[in-house]
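Printed here is target25.txt (compact mmCIF, C-alpha atoms and all ligand atoms):
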# COMPACT_ATOMS: atom_id res chain seq x y z
CA MET A 937 16.36 -11.42 0.65
CA THR A 938 14.11 -9.85 3.23
CA VAL A 939 11.94 -6.94 2.17
CA ARG A 940 12.20 -4.07 4.69
CA THR A 941 9.14 -1.95 3.96
CA LEU A 942 6.31 -1.12 1.60
CA GLY A 943 7.89 1.90 -0.06
CA TYR A 944 5.40 3.16 -2.61
CA VAL A 945 2.38 2.35 -4.75
CA VAL A 946 2.06 3.28 -8.43
CA ILE A 947 -1.44 3.87 -9.80
CA GLY A 948 -2.69 4.45 -13.34
CA THR A 949 -5.62 6.82 -13.88
CA ARG A 950 -7.51 8.70 -16.58
CA ASP A 951 -8.00 11.69 -14.30
CA LEU A 952 -4.90 13.10 -12.62
CA ASP A 953 -6.75 16.22 -11.47
CA ALA A 954 -9.35 14.15 -9.61
CA TRP A 955 -6.54 12.22 -7.93
CA ARG A 956 -4.75 15.45 -6.99
CA ARG A 957 -7.88 16.79 -5.30
CA PHE A 958 -8.60 13.48 -3.56
CA ALA A 959 -5.04 12.87 -2.37
CA CYS A 960 -4.21 16.41 -1.27
CA ASP A 961 -7.52 17.94 -0.17
CA ALA A 962 -9.16 14.84 1.34
CA LEU A 963 -6.28 12.55 2.40
CA GLY A 964 -3.76 15.28 3.26
CA LEU A 965 -0.90 13.98 1.12
CA MET A 966 1.64 16.48 -0.26
CA ALA A 967 2.01 16.79 -4.03
CA THR A 968 5.50 17.19 -5.38
CA PRO A 969 6.73 17.49 -8.97
CA ALA A 970 7.40 14.14 -10.66
CA ALA A 971 10.89 13.74 -12.12
CA ASP A 972 9.39 12.82 -15.49
CA GLY A 973 7.06 15.74 -15.98
CA GLU A 974 3.38 16.54 -15.91
CA LYS A 975 1.92 13.15 -16.83
CA ALA A 976 2.43 11.88 -13.29
CA LEU A 977 1.63 13.06 -9.79
CA HIS A 978 4.01 12.30 -6.94
CA LEU A 979 2.49 12.24 -3.47
CA ARG A 980 4.39 12.29 -0.22
CA SER A 981 3.39 11.35 3.32
CA ASP A 982 6.76 11.90 5.01
CA ASP A 983 10.43 12.68 4.26
CA ARG A 984 10.49 10.23 1.35
CA PRO A 985 10.25 11.75 -2.13
CA LEU A 986 7.58 9.26 -3.25
CA ARG A 987 4.85 7.30 -1.50
CA VAL A 988 2.09 7.27 -4.14
CA ARG A 989 2.79 7.85 -7.82
CA VAL A 990 -0.26 8.42 -10.01
CA GLU A 991 0.34 8.15 -13.76
CA GLU A 992 -1.91 9.36 -16.55
CA ARG A 993 -3.06 6.28 -18.47
CA ASP A 994 -6.17 5.08 -20.29
CA THR A 995 -7.06 2.63 -17.51
CA GLU A 996 -7.68 2.76 -13.77
CA ASP A 997 -5.33 0.18 -12.31
CA LEU A 998 -2.47 -0.81 -10.09
CA VAL A 999 0.83 -0.32 -11.94
CA ALA A 1000 3.17 -1.56 -9.23
CA VAL A 1001 3.71 -2.12 -5.52
CA GLY A 1002 7.20 -0.93 -4.58
CA TRP A 1003 9.08 -2.92 -1.91
CA GLU A 1004 12.19 -1.46 -0.30
CA LEU A 1005 15.33 -3.49 0.34
CA ALA A 1006 17.92 -2.42 2.91
CA ASN A 1007 20.83 -1.95 0.51
CA ARG A 1008 22.35 -3.14 -2.76
CA ALA A 1009 23.42 -6.52 -1.36
CA ALA A 1010 19.92 -7.28 -0.10
CA PHE A 1011 18.45 -6.04 -3.39
CA GLU A 1012 20.69 -8.35 -5.42
CA ALA A 1013 20.01 -11.29 -3.09
CA ALA A 1014 16.27 -10.76 -3.54
CA ILE A 1015 16.66 -10.70 -7.33
CA ASP A 1016 18.62 -13.96 -7.16
CA ALA A 1017 15.88 -15.51 -5.03
CA LEU A 1018 13.22 -14.47 -7.57
CA LYS A 1019 15.24 -15.92 -10.43
CA ARG A 1020 15.73 -19.22 -8.59
CA GLU A 1021 11.92 -19.43 -8.42
CA GLY A 1022 11.75 -18.99 -12.17
CA ILE A 1023 10.26 -15.49 -11.90
CA ASP A 1024 11.00 -13.15 -14.82
CA VAL A 1025 12.80 -10.09 -13.43
CA GLU A 1026 12.85 -6.98 -15.61
CA ALA A 1027 15.78 -4.65 -14.98
CA GLY A 1028 14.85 -1.03 -14.38
CA SER A 1029 15.74 1.56 -17.03
CA ASP A 1030 17.28 4.93 -16.13
CA GLU A 1031 13.82 6.39 -16.71
CA LEU A 1032 12.18 3.93 -14.32
CA ARG A 1033 14.79 4.55 -11.63
CA ALA A 1034 14.32 8.32 -11.93
CA SER A 1035 10.54 7.97 -11.76
CA ARG A 1036 10.83 5.90 -8.55
CA CYS A 1037 13.43 8.21 -6.95
CA ALA A 1038 15.67 5.18 -6.34
CA ARG A 1039 19.19 4.03 -7.14
CA ASP A 1040 17.93 0.80 -8.65
CA VAL A 1041 14.60 -0.87 -9.40
CA VAL A 1042 13.45 -4.15 -10.92
CA ARG A 1043 9.96 -5.24 -11.92
CA PHE A 1044 8.27 -8.65 -11.65
CA ARG A 1045 4.87 -10.29 -11.22
CA ASP A 1046 4.07 -12.54 -8.27
CA PRO A 1047 2.66 -16.03 -8.97
CA THR A 1048 -0.90 -14.70 -8.76
CA GLY A 1049 -0.17 -12.03 -11.37
CA SER A 1050 0.12 -8.83 -9.32
CA PRO A 1051 2.78 -6.32 -10.46
CA HIS A 1052 5.63 -5.54 -8.06
CA GLU A 1053 8.89 -3.67 -7.95
CA LEU A 1054 11.90 -4.11 -5.69
CA TYR A 1055 14.12 -1.10 -5.09
CA HIS A 1056 16.92 0.19 -2.93
CA GLY A 1057 18.62 3.53 -2.37
CA THR A 1058 15.96 6.21 -1.99
CA ILE A 1059 17.08 9.47 -3.61
CA TYR A 1060 15.92 12.18 -1.22
CA ASP A 1061 15.05 15.74 -2.17
CA HIS A 1062 15.30 16.98 1.45
CA ARG A 1063 12.25 19.21 1.20
CA PRO A 1064 10.28 19.07 4.42
CA PHE A 1065 6.96 17.23 4.39
CA VAL A 1066 4.09 19.60 4.99
CA SER A 1067 0.58 18.23 4.79
CA PRO A 1068 -1.79 20.61 2.99
CA VAL A 1069 -4.39 19.90 5.69
CA GLY A 1070 -2.14 20.13 8.75
CA GLY A 1071 -2.38 17.58 11.55
CA ALA A 1072 0.22 15.36 13.18
CA GLY A 1073 1.11 13.55 9.95
CA PHE A 1074 1.41 9.94 8.85
CA VAL A 1075 2.94 6.94 10.63
CA THR A 1076 5.70 5.64 8.34
CA GLY A 1077 9.46 5.36 9.04
CA ASP A 1078 10.57 1.79 9.75
CA LEU A 1079 6.96 0.66 9.22
CA GLY A 1080 6.81 1.83 5.61
CA MET A 1081 4.04 3.79 3.87
CA GLY A 1082 1.16 1.60 5.07
CA HIS A 1083 -0.26 -1.57 3.56
CA VAL A 1084 -1.75 -2.93 0.37
CA VAL A 1085 -4.41 -5.60 -0.10
CA LEU A 1086 -4.09 -7.42 -3.41
CA PRO A 1087 -6.51 -9.78 -5.14
CA ALA A 1088 -5.05 -13.29 -5.35
CA ALA A 1089 -6.85 -16.20 -6.99
CA ASP A 1090 -4.67 -18.60 -4.99
CA VAL A 1091 -3.93 -17.07 -1.58
CA GLU A 1092 -1.87 -20.06 -0.41
CA ALA A 1093 0.38 -19.94 -3.46
CA GLY A 1094 0.86 -16.22 -2.98
CA ARG A 1095 1.56 -16.58 0.72
CA ALA A 1096 4.16 -19.32 0.10
CA PHE A 1097 5.89 -17.11 -2.46
CA PHE A 1098 6.10 -14.04 -0.24
CA GLU A 1099 7.22 -16.06 2.79
CA GLN A 1100 9.75 -18.31 1.11
CA VAL A 1101 11.17 -15.98 -1.52
CA LEU A 1102 10.91 -12.46 -0.07
CA GLY A 1103 11.05 -13.13 3.68
CA PHE A 1104 7.52 -12.09 4.72
CA ARG A 1105 5.92 -13.65 7.82
CA THR A 1106 2.23 -14.48 8.26
CA SER A 1107 0.63 -12.45 11.07
CA ASP A 1108 -2.95 -13.75 10.80
CA GLU A 1109 -5.39 -15.26 8.39
CA LEU A 1110 -9.16 -15.09 7.83
CA HIS A 1111 -11.44 -17.64 6.19
CA GLN A 1112 -15.08 -16.64 5.69
CA GLY A 1113 -17.02 -18.92 3.38
CA PRO A 1114 -15.30 -18.85 0.01
CA VAL A 1115 -13.15 -15.83 0.94
CA SER A 1116 -9.68 -16.22 2.43
CA LEU A 1117 -7.18 -13.54 3.42
CA ALA A 1118 -3.56 -13.86 4.50
CA PHE A 1119 -2.00 -10.92 6.37
CA LEU A 1120 1.76 -10.73 5.91
CA ARG A 1121 4.39 -8.54 7.58
CA CYS A 1122 7.92 -7.54 6.67
CA ASN A 1123 8.53 -5.23 9.69
CA PRO A 1124 6.64 -4.58 12.96
CA ARG A 1125 3.57 -3.25 11.12
CA HIS A 1126 1.01 -6.07 11.53
CA HIS A 1127 0.67 -6.36 7.78
CA SER A 1128 2.26 -4.49 4.91
CA LEU A 1129 0.61 -6.90 2.47
CA ALA A 1130 -2.62 -8.87 2.52
CA LEU A 1131 -3.69 -11.33 -0.16
CA ALA A 1132 -7.44 -11.73 -0.64
CA SER A 1133 -9.27 -14.35 -2.68
CA ILE A 1134 -11.50 -11.72 -4.26
CA GLU A 1135 -11.36 -10.09 -7.65
CA HIS A 1136 -11.00 -6.38 -8.29
CA PRO A 1137 -10.99 -4.76 -11.75
CA THR A 1138 -8.16 -2.40 -10.82
CA GLY A 1139 -5.89 -5.14 -9.44
CA LEU A 1140 -5.88 -3.44 -6.03
CA VAL A 1141 -8.43 -3.95 -3.25
CA HIS A 1142 -7.14 -1.05 -1.15
CA PHE A 1143 -4.09 0.64 0.24
CA MET A 1144 -3.91 1.96 3.79
CA LEU A 1145 -2.42 5.16 5.17
CA GLU A 1146 -1.95 5.44 8.95
CA LEU A 1147 -2.36 8.79 10.66
CA ALA A 1148 -0.73 9.71 13.95
CA SER A 1149 -3.92 10.42 15.89
CA LEU A 1150 -7.59 9.54 16.11
CA ASP A 1151 -8.42 13.22 15.73
CA ASP A 1152 -6.64 13.27 12.38
CA VAL A 1153 -8.69 10.26 11.24
CA GLY A 1154 -11.84 12.13 12.30
CA TYR A 1155 -10.81 15.27 10.44
CA ALA A 1156 -10.02 13.15 7.37
CA LEU A 1157 -13.45 11.53 7.60
CA ASP A 1158 -15.08 14.96 7.72
CA ARG A 1159 -13.09 16.12 4.66
CA VAL A 1160 -13.97 12.94 2.73
CA GLN A 1161 -17.67 13.37 3.45
CA ALA A 1162 -17.62 17.12 2.76
CA GLY A 1163 -15.91 16.37 -0.54
CA GLY A 1164 -18.71 14.04 -1.60
CA TYR A 1165 -16.51 10.93 -1.80
CA HIS A 1166 -18.10 7.51 -1.45
CA LEU A 1167 -17.57 6.08 2.03
CA SER A 1168 -17.00 2.36 1.38
CA ALA A 1169 -16.89 1.50 5.08
CA THR A 1170 -17.83 3.52 8.12
CA LEU A 1171 -15.44 4.07 10.99
CA GLY A 1172 -14.59 0.77 12.68
CA LYS A 1173 -11.88 -1.15 14.50
CA HIS A 1174 -10.18 -4.15 12.94
CA THR A 1175 -9.70 -7.32 14.97
CA ASN A 1176 -6.29 -8.21 13.61
CA ASP A 1177 -4.20 -5.03 13.44
CA GLN A 1178 -6.58 -3.17 15.80
CA MET A 1179 -6.59 -0.24 13.38
CA VAL A 1180 -9.41 2.29 13.84
CA SER A 1181 -10.19 3.30 10.27
CA PHE A 1182 -12.63 4.14 7.53
CA TYR A 1183 -12.54 3.29 3.81
CA VAL A 1184 -13.12 5.79 1.01
CA ARG A 1185 -13.49 5.10 -2.71
CA SER A 1186 -10.59 6.58 -4.69
CA PRO A 1187 -11.05 8.17 -8.13
CA SER A 1188 -9.67 4.92 -9.61
CA GLY A 1189 -12.41 2.78 -8.06
CA PHE A 1190 -10.42 0.94 -5.40
CA ASP A 1191 -10.59 1.98 -1.74
CA VAL A 1192 -8.16 3.82 0.48
CA GLU A 1193 -8.21 2.93 4.18
CA VAL A 1194 -7.36 5.78 6.53
CA GLY A 1195 -6.66 4.74 10.09
CA CYS A 1196 -4.65 5.09 13.26
CA GLY A 1197 -3.39 2.99 16.15
CA GLY A 1198 -2.18 -0.02 14.18
CA LEU A 1199 -0.66 -2.92 16.12
CA HIS A 1200 3.09 -3.50 16.11
CA VAL A 1201 4.20 -7.15 16.06
CA ASP A 1202 7.24 -8.43 17.97
CA ASP A 1203 8.68 -11.30 15.93
CA ALA A 1204 10.16 -12.83 19.10
CA THR A 1205 6.78 -13.39 20.74
CA TRP A 1206 4.06 -13.26 18.05
CA THR A 1207 2.00 -16.36 17.32
CA THR A 1208 -0.06 -16.63 14.17
CA GLY A 1209 -3.82 -16.64 14.60
CA GLU A 1210 -6.98 -17.11 12.61
CA ILE A 1211 -9.47 -14.30 12.99
CA THR A 1212 -13.17 -15.01 12.45
CA ALA A 1213 -14.40 -11.44 11.91
CA PRO A 1214 -12.61 -8.51 10.28
CA SER A 1215 -13.81 -5.90 12.78
CA PHE A 1216 -14.72 -5.55 16.47
CA TRP A 1217 -17.17 -2.76 15.69
CA GLY A 1218 -18.13 -0.50 12.81
CA HIS A 1219 -16.80 -0.92 9.26
CA ARG A 1220 -20.32 -1.13 7.84
CA TRP A 1221 -19.62 -1.76 4.17
CA ASP A 1222 -21.31 -0.02 1.27
CA PHE A 1223 -19.78 -1.21 -1.97
CA GLY A 1224 -21.98 1.37 -3.62
CA ARG A 1225 -21.81 2.69 -7.13
CA GLY A 1226 -19.43 1.17 -9.61
CA GLU A 1227 -16.69 3.45 -10.88
FE FE A 1301 -6.55 -2.64 5.33
Please lay out the structure from this file as structure tokens.
Amino acid sequence: MTVRTLGYVVIGTRDLDAWRRFACDALGLMATPAADGEKALHLRSDDRPLRVRVEERDTEDLVAVGWELANRAAFEAAIDALKREGIDVEAGSDELRASRCARDVVRFRDPTGSPHELYHGTIYDHRPFVSPVGGAGFVTGDLGMGHVVLPAADVEAGRAFFEQVLGFRTSDELHQGPVSLAFLRCNPRHHSLALASIEHPTGLVHFMLELASLDDVGYALDRVQAGGYHLSATLGKHTNDQMVSFYVRSPSGFDVEVGCGGLHVDDATWTTGEITAPSFWGHRWDFGRGE
């Protein structure tokens, strides 16, 4: 019942073309044809056929966070664990499985209302990943695609659910005034999931992509600024995962964090801490224009 990695994120948008420009030209993701036609954009960051799926909709929102299980047995054990908690689990249709490039998928909502999917059995297309902007590529593999930060009205309830039902471990937490965050891992990446007691109209605070080098982060920052995108936070270094990163506003209105050098946690030795500041330096926030 232990989730292995953050596999993919599914986003709804009114403007697929804006997302294509943002994802490919600024972030350096590779666009690939979606199995279900032209109303969706599939974006790759590595050998996997899908890391970010952007669907044409009449809203800007998070459609699903896709969590990867090791195999069918682990997938079925996780479904059983969800059902024991009284969570409604929606079986995936053939269409859903094809759109996620996976052998099997189910959908559910966590106790704070965020939409998730569990899947196993990635269906590869074996085309090599080539970033349209070059560079050394993204850090993924056993660490998954990156991380997501989700709004959660009750962080403690959400944390208990992910720990007790899906096998996540708490790496760190942050409490600043009325705002609390819990940072949860499912592999050595310091956090694949964070729950934040803040609201966001899209249902997603940000997702993070990790690049292989500081130079690539710098080149990405130059492309973002040359492209006229809103820089939500300047370059900075986080205290908890030690990521050097910046935040850029996506066409959907939530942020994308682009960083490098994230901390790897050893379960055998890690002790949970409480951080009292999100960043050592930088990360000057500009929440800026509404989208
Ligand atoms: Fe982050």
*Looking at only C-alpha atoms, which of A:Cys1196, A:Leu1018, A:Val945, A:Leu1171 is the one that sits closest to Asp1152 in chain A?*
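Comparing A:Cys1196, A:Leu1018, A:Val945, A:Leu1171 against Asp1152 in chain A, the winner is A:Cys1196.
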*Residues within 7 Å of ligand FE 1301 (chain A) should be enumerated using all atoms listed in the file and returned as a list in words.*
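I would give the residues around ligand FE 1301 (chain A) as His1083, Val1084, Val1085, His1142, Phe1143, Met1144 and Glu1193 of chain A.
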_Selection: 9 Å around range 1157-1159 of chain A, all atoms listed in the file, excl. self and same-chain fewer than 6 positions, as a PyMOL selection string_ = chain A and resi 961-963+1165+1167+1171+1182+1184+1194
*Skip Phe1011 in chain A itself and residues of its chain fewer than 2 positions away, then list as a PyMOL selection string all residues within 8 Å of it, counting all atoms listed in the file.*
chain A and resi 937+1005-1009+1013-1015+1054-1056
*For CA of Arg989 in chain A and CA of Ser1116 in chain A, quote the distance in Å rounded to one decimal.*
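Computing it gives 29.0 Å between the two atoms.
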*Using only C-alpha atoms, pick whichever of A:Ser981, A:Gly1163, A:Val999, A:Leu1147 has the shortest atom-to-atom distance to Ala954 in chain A.*
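Using only C-alpha atoms, the shortest distance to Ala954 in chain A belongs to A:Gly1163.
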Fewer than 3 positions away in the same chain doesn't count, so skip those; otherwise give me all residues within 12 Å of Phe1098 in chain A, counting all atoms listed in the file, as a short mmCIF file (atom, residue, chain, number, x, y, z; two decimals) with C-alpha atoms, keeping the file's coordinate frame.
data_model
loop_
_atom_site.label_atom_id
_atom_site.label_comp_id
_atom_site.auth_asym_id
_atom_site.auth_seq_id
_atom_site.Cartn_x
_atom_site.Cartn_y
_atom_site.Cartn_z
CA MET A 937 16.36 -11.42 0.65
CA THR A 938 14.11 -9.85 3.23
CA VAL A 939 11.94 -6.94 2.17
CA TRP A 1003 9.08 -2.92 -1.91
CA ALA A 1014 16.27 -10.76 -3.54
CA ALA A 1017 15.88 -15.51 -5.03
CA LEU A 1018 13.22 -14.47 -7.57
CA GLU A 1021 11.92 -19.43 -8.42
CA ARG A 1045 4.87 -10.29 -11.22
CA ASP A 1046 4.07 -12.54 -8.27
CA PRO A 1047 2.66 -16.03 -8.97
CA THR A 1048 -0.90 -14.70 -8.76
CA HIS A 1052 5.63 -5.54 -8.06
CA VAL A 1091 -3.93 -17.07 -1.58
CA GLU A 1092 -1.87 -20.06 -0.41
CA ALA A 1093 0.38 -19.94 -3.46
CA GLY A 1094 0.86 -16.22 -2.98
CA ARG A 1095 1.56 -16.58 0.72
CA VAL A 1101 11.17 -15.98 -1.52
CA LEU A 1102 10.91 -12.46 -0.07
CA GLY A 1103 11.05 -13.13 3.68
CA PHE A 1104 7.52 -12.09 4.72
CA ARG A 1105 5.92 -13.65 7.82
CA THR A 1106 2.23 -14.48 8.26
CA ALA A 1118 -3.56 -13.86 4.50
CA PHE A 1119 -2.00 -10.92 6.37
CA LEU A 1120 1.76 -10.73 5.91
CA ARG A 1121 4.39 -8.54 7.58
CA CYS A 1122 7.92 -7.54 6.67
CA SER A 1128 2.26 -4.49 4.91
CA LEU A 1129 0.61 -6.90 2.47
CA ALA A 1130 -2.62 -8.87 2.52
CA LEU A 1131 -3.69 -11.33 -0.16
#
*Got a sec: who's within 9 Å of Phe1065 in chain A, counting all atoms listed in the file, leaving out chain neighbours fewer than 4 positions off, as an MDAnalysis selection string?*
chainID A and resid 966 980:984 1073
*Tell me, as a ChimeraX atom specification, which residues lie within 8 Å of Gly1139 in chain A, counting all atoms listed in the file; anything in the same chain fewer than 5 positions away does not count.*
/A:997-998,1050,1086-1087
*Which residue gives the smallest distance to His1111 in chain A among A:Ser1133, A:Arg1220, A:Ala976, A:Thr949, with only C-alpha atoms counted?*
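Distance minimum relative to His1111 in chain A lands on A:Ser1133.
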*What does the distance from CA of Ala1204 in chain A to CA of Pro1124 in chain A come to in Å, to one decimal?*
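Result for CA of Ala1204 in chain A versus CA of Pro1124 in chain A: 10.9 Å, one decimal.
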*In Å to one decimal, how far is CA of Leu1140 in chain A from CA of Ser1029 in chain A?*
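Pair CA of Ser1029 in chain A / CA of Leu1140 in chain A returns 24.8 Å.
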Where's the centre, and what are the edge lengths in Å to one decimal, of a box along x, y and z enclosing all listed atoms of range 1035-1054 of chain A padded 8 Å per side, as lines of an AutoDock Vina configuration file?
center_x = 9.1
center_y = -3.9
center_z = -8.8
size_x = 36.1
size_y = 40.2
size_z = 22.2
*Nearest to Phe1190 in chain A among A:Val1141, A:Val1042, A:Ala970, A:Ala1096, with distances taken over all atoms listed in the file: which residue is it?*
A:Val1141
*For Gln1100 in chain A, the nearest of the candidates A:His1219, A:Arg1020, A:Ala959, A:Pro1137, counting all atoms listed in the file*: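 Checking each of A:His1219, A:Arg1020, A:Ala959, A:Pro1137 against Gln1100 in chain A, counting all atoms listed in the file, the winner is A:Arg1020.
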With N, CA and C atoms as the target, complete range 1069-1096 of chain A and hand it back as a PDB file, in the coordinates of the input.
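Dumped everything to rebuild_17.pdb:
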ATOM      1  N   VAL A1069      -3.261  19.776   4.766  1.00  0.00           N
ATOM      2  CA  VAL A1069      -4.390  19.900   5.690  1.00  0.00           C
ATOM      3  C   VAL A1069      -3.942  19.992   7.146  1.00  0.00           C
ATOM      4  N   GLY A1070      -2.621  20.053   7.379  1.00  0.00           N
ATOM      5  CA  GLY A1070      -2.140  20.130   8.750  1.00  0.00           C
ATOM      6  C   GLY A1070      -2.207  18.783   9.458  1.00  0.00           C
ATOM      7  N   GLY A1071      -2.298  18.824  10.784  1.00  0.00           N
ATOM      8  CA  GLY A1071      -2.380  17.580  11.550  1.00  0.00           C
ATOM      9  C   GLY A1071      -1.001  17.068  11.943  1.00  0.00           C
ATOM     10  N   ALA A1072      -1.019  15.929  12.616  1.00  0.00           N
ATOM     11  CA  ALA A1072       0.220  15.360  13.180  1.00  0.00           C
ATOM     12  C   ALA A1072       0.947  14.463  12.185  1.00  0.00           C
ATOM     13  N   GLY A1073       0.401  14.275  10.998  1.00  0.00           N
ATOM     14  CA  GLY A1073       1.110  13.550   9.950  1.00  0.00           C
ATOM     15  C   GLY A1073       0.836  12.052   9.941  1.00  0.00           C
ATOM     16  N   PHE A1074       1.609  11.364   9.118  1.00  0.00           N
ATOM     17  CA  PHE A1074       1.410   9.940   8.850  1.00  0.00           C
ATOM     18  C   PHE A1074       2.435   9.103   9.603  1.00  0.00           C
ATOM     19  N   VAL A1075       2.054   7.880   9.938  1.00  0.00           N
ATOM     20  CA  VAL A1075       2.940   6.940  10.630  1.00  0.00           C
ATOM     21  C   VAL A1075       3.639   6.097   9.560  1.00  0.00           C
ATOM     22  N   THR A1076       4.953   6.311   9.409  1.00  0.00           N
ATOM     23  CA  THR A1076       5.700   5.640   8.340  1.00  0.00           C
ATOM     24  C   THR A1076       7.036   5.135   8.912  1.00  0.00           C
ATOM     25  N   GLY A1077       8.144   5.735   8.519  1.00  0.00           N
ATOM     26  CA  GLY A1077       9.460   5.360   9.040  1.00  0.00           C
ATOM     27  C   GLY A1077       9.757   3.890   8.801  1.00  0.00           C
ATOM     28  N   ASP A1078      10.208   3.205   9.863  1.00  0.00           N
ATOM     29  CA  ASP A1078      10.570   1.790   9.750  1.00  0.00           C
ATOM     30  C   ASP A1078       9.382   0.914   9.364  1.00  0.00           C
ATOM     31  N   LEU A1079       8.171   1.446   9.500  1.00  0.00           N
ATOM     32  CA  LEU A1079       6.960   0.660   9.220  1.00  0.00           C
ATOM     33  C   LEU A1079       6.518   0.780   7.759  1.00  0.00           C
ATOM     34  N   GLY A1080       7.186   1.666   7.009  1.00  0.00           N
ATOM     35  CA  GLY A1080       6.810   1.830   5.610  1.00  0.00           C
ATOM     36  C   GLY A1080       5.578   2.698   5.441  1.00  0.00           C
ATOM     37  N   MET A1081       5.113   2.823   4.185  1.00  0.00           N
ATOM     38  CA  MET A1081       4.040   3.790   3.870  1.00  0.00           C
ATOM     39  C   MET A1081       2.676   3.364   4.363  1.00  0.00           C
ATOM     40  N   GLY A1082       2.480   2.079   4.660  1.00  0.00           N
ATOM     41  CA  GLY A1082       1.160   1.600   5.070  1.00  0.00           C
ATOM     42  C   GLY A1082       1.021   0.150   4.660  1.00  0.00           C
ATOM     43  N   HIS A1083      -0.150  -0.216   4.093  1.00  0.00           N
ATOM     44  CA  HIS A1083      -0.260  -1.570   3.560  1.00  0.00           C
ATOM     45  C   HIS A1083      -1.081  -1.586   2.281  1.00  0.00           C
ATOM     46  N   VAL A1084      -0.934  -2.691   1.563  1.00  0.00           N
ATOM     47  CA  VAL A1084      -1.750  -2.930   0.370  1.00  0.00           C
ATOM     48  C   VAL A1084      -2.467  -4.262   0.539  1.00  0.00           C
ATOM     49  N   VAL A1085      -3.678  -4.344  -0.020  1.00  0.00           N
ATOM     50  CA  VAL A1085      -4.410  -5.600  -0.100  1.00  0.00           C
ATOM     51  C   VAL A1085      -4.600  -5.906  -1.585  1.00  0.00           C
ATOM     52  N   LEU A1086      -4.073  -7.048  -2.000  1.00  0.00           N
ATOM     53  CA  LEU A1086      -4.090  -7.420  -3.410  1.00  0.00           C
ATOM     54  C   LEU A1086      -5.006  -8.603  -3.646  1.00  0.00           C
ATOM     55  N   PRO A1087      -5.732  -8.601  -4.780  1.00  0.00           N
ATOM     56  CA  PRO A1087      -6.510  -9.780  -5.140  1.00  0.00           C
ATOM     57  C   PRO A1087      -5.583 -10.918  -5.523  1.00  0.00           C
ATOM     58  N   ALA A1088      -5.895 -12.124  -5.050  1.00  0.00           N
ATOM     59  CA  ALA A1088      -5.050 -13.290  -5.350  1.00  0.00           C
ATOM     60  C   ALA A1088      -5.962 -14.502  -5.535  1.00  0.00           C
ATOM     61  N   ALA A1089      -5.984 -15.040  -6.728  1.00  0.00           N
ATOM     62  CA  ALA A1089      -6.850 -16.200  -6.990  1.00  0.00           C
ATOM     63  C   ALA A1089      -6.449 -17.371  -6.100  1.00  0.00           C
ATOM     64  N   ASP A1090      -5.158 -17.512  -5.832  1.00  0.00           N
ATOM     65  CA  ASP A1090      -4.670 -18.600  -4.990  1.00  0.00           C
ATOM     66  C   ASP A1090      -3.865 -17.987  -3.833  1.00  0.00           C
ATOM     67  N   VAL A1091      -4.565 -17.743  -2.722  1.00  0.00           N
ATOM     68  CA  VAL A1091      -3.930 -17.070  -1.580  1.00  0.00           C
ATOM     69  C   VAL A1091      -2.767 -17.886  -1.038  1.00  0.00           C
ATOM     70  N   GLU A1092      -2.935 -19.216  -0.976  1.00  0.00           N
ATOM     71  CA  GLU A1092      -1.870 -20.060  -0.410  1.00  0.00           C
ATOM     72  C   GLU A1092      -0.613 -20.016  -1.272  1.00  0.00           C
ATOM     73  N   ALA A1093      -0.783 -20.022  -2.576  1.00  0.00           N
ATOM     74  CA  ALA A1093       0.380 -19.940  -3.460  1.00  0.00           C
ATOM     75  C   ALA A1093       1.081 -18.592  -3.291  1.00  0.00           C
ATOM     76  N   GLY A1094       0.282 -17.544  -3.172  1.00  0.00           N
ATOM     77  CA  GLY A1094       0.860 -16.220  -2.980  1.00  0.00           C
ATOM     78  C   GLY A1094       1.568 -16.107  -1.652  1.00  0.00           C
ATOM     79  N   ARG A1095       0.945 -16.650  -0.611  1.00  0.00           N
ATOM     80  CA  ARG A1095       1.560 -16.580   0.720  1.00  0.00           C
ATOM     81  C   ARG A1095       2.903 -17.335   0.725  1.00  0.00           C
ATOM     82  N   ALA A1096       2.923 -18.525   0.134  1.00  0.00           N
ATOM     83  CA  ALA A1096       4.160 -19.320   0.100  1.00  0.00           C
ATOM     84  C   ALA A1096       5.255 -18.548  -0.615  1.00  0.00           C
TER      85      ALA A1096
END
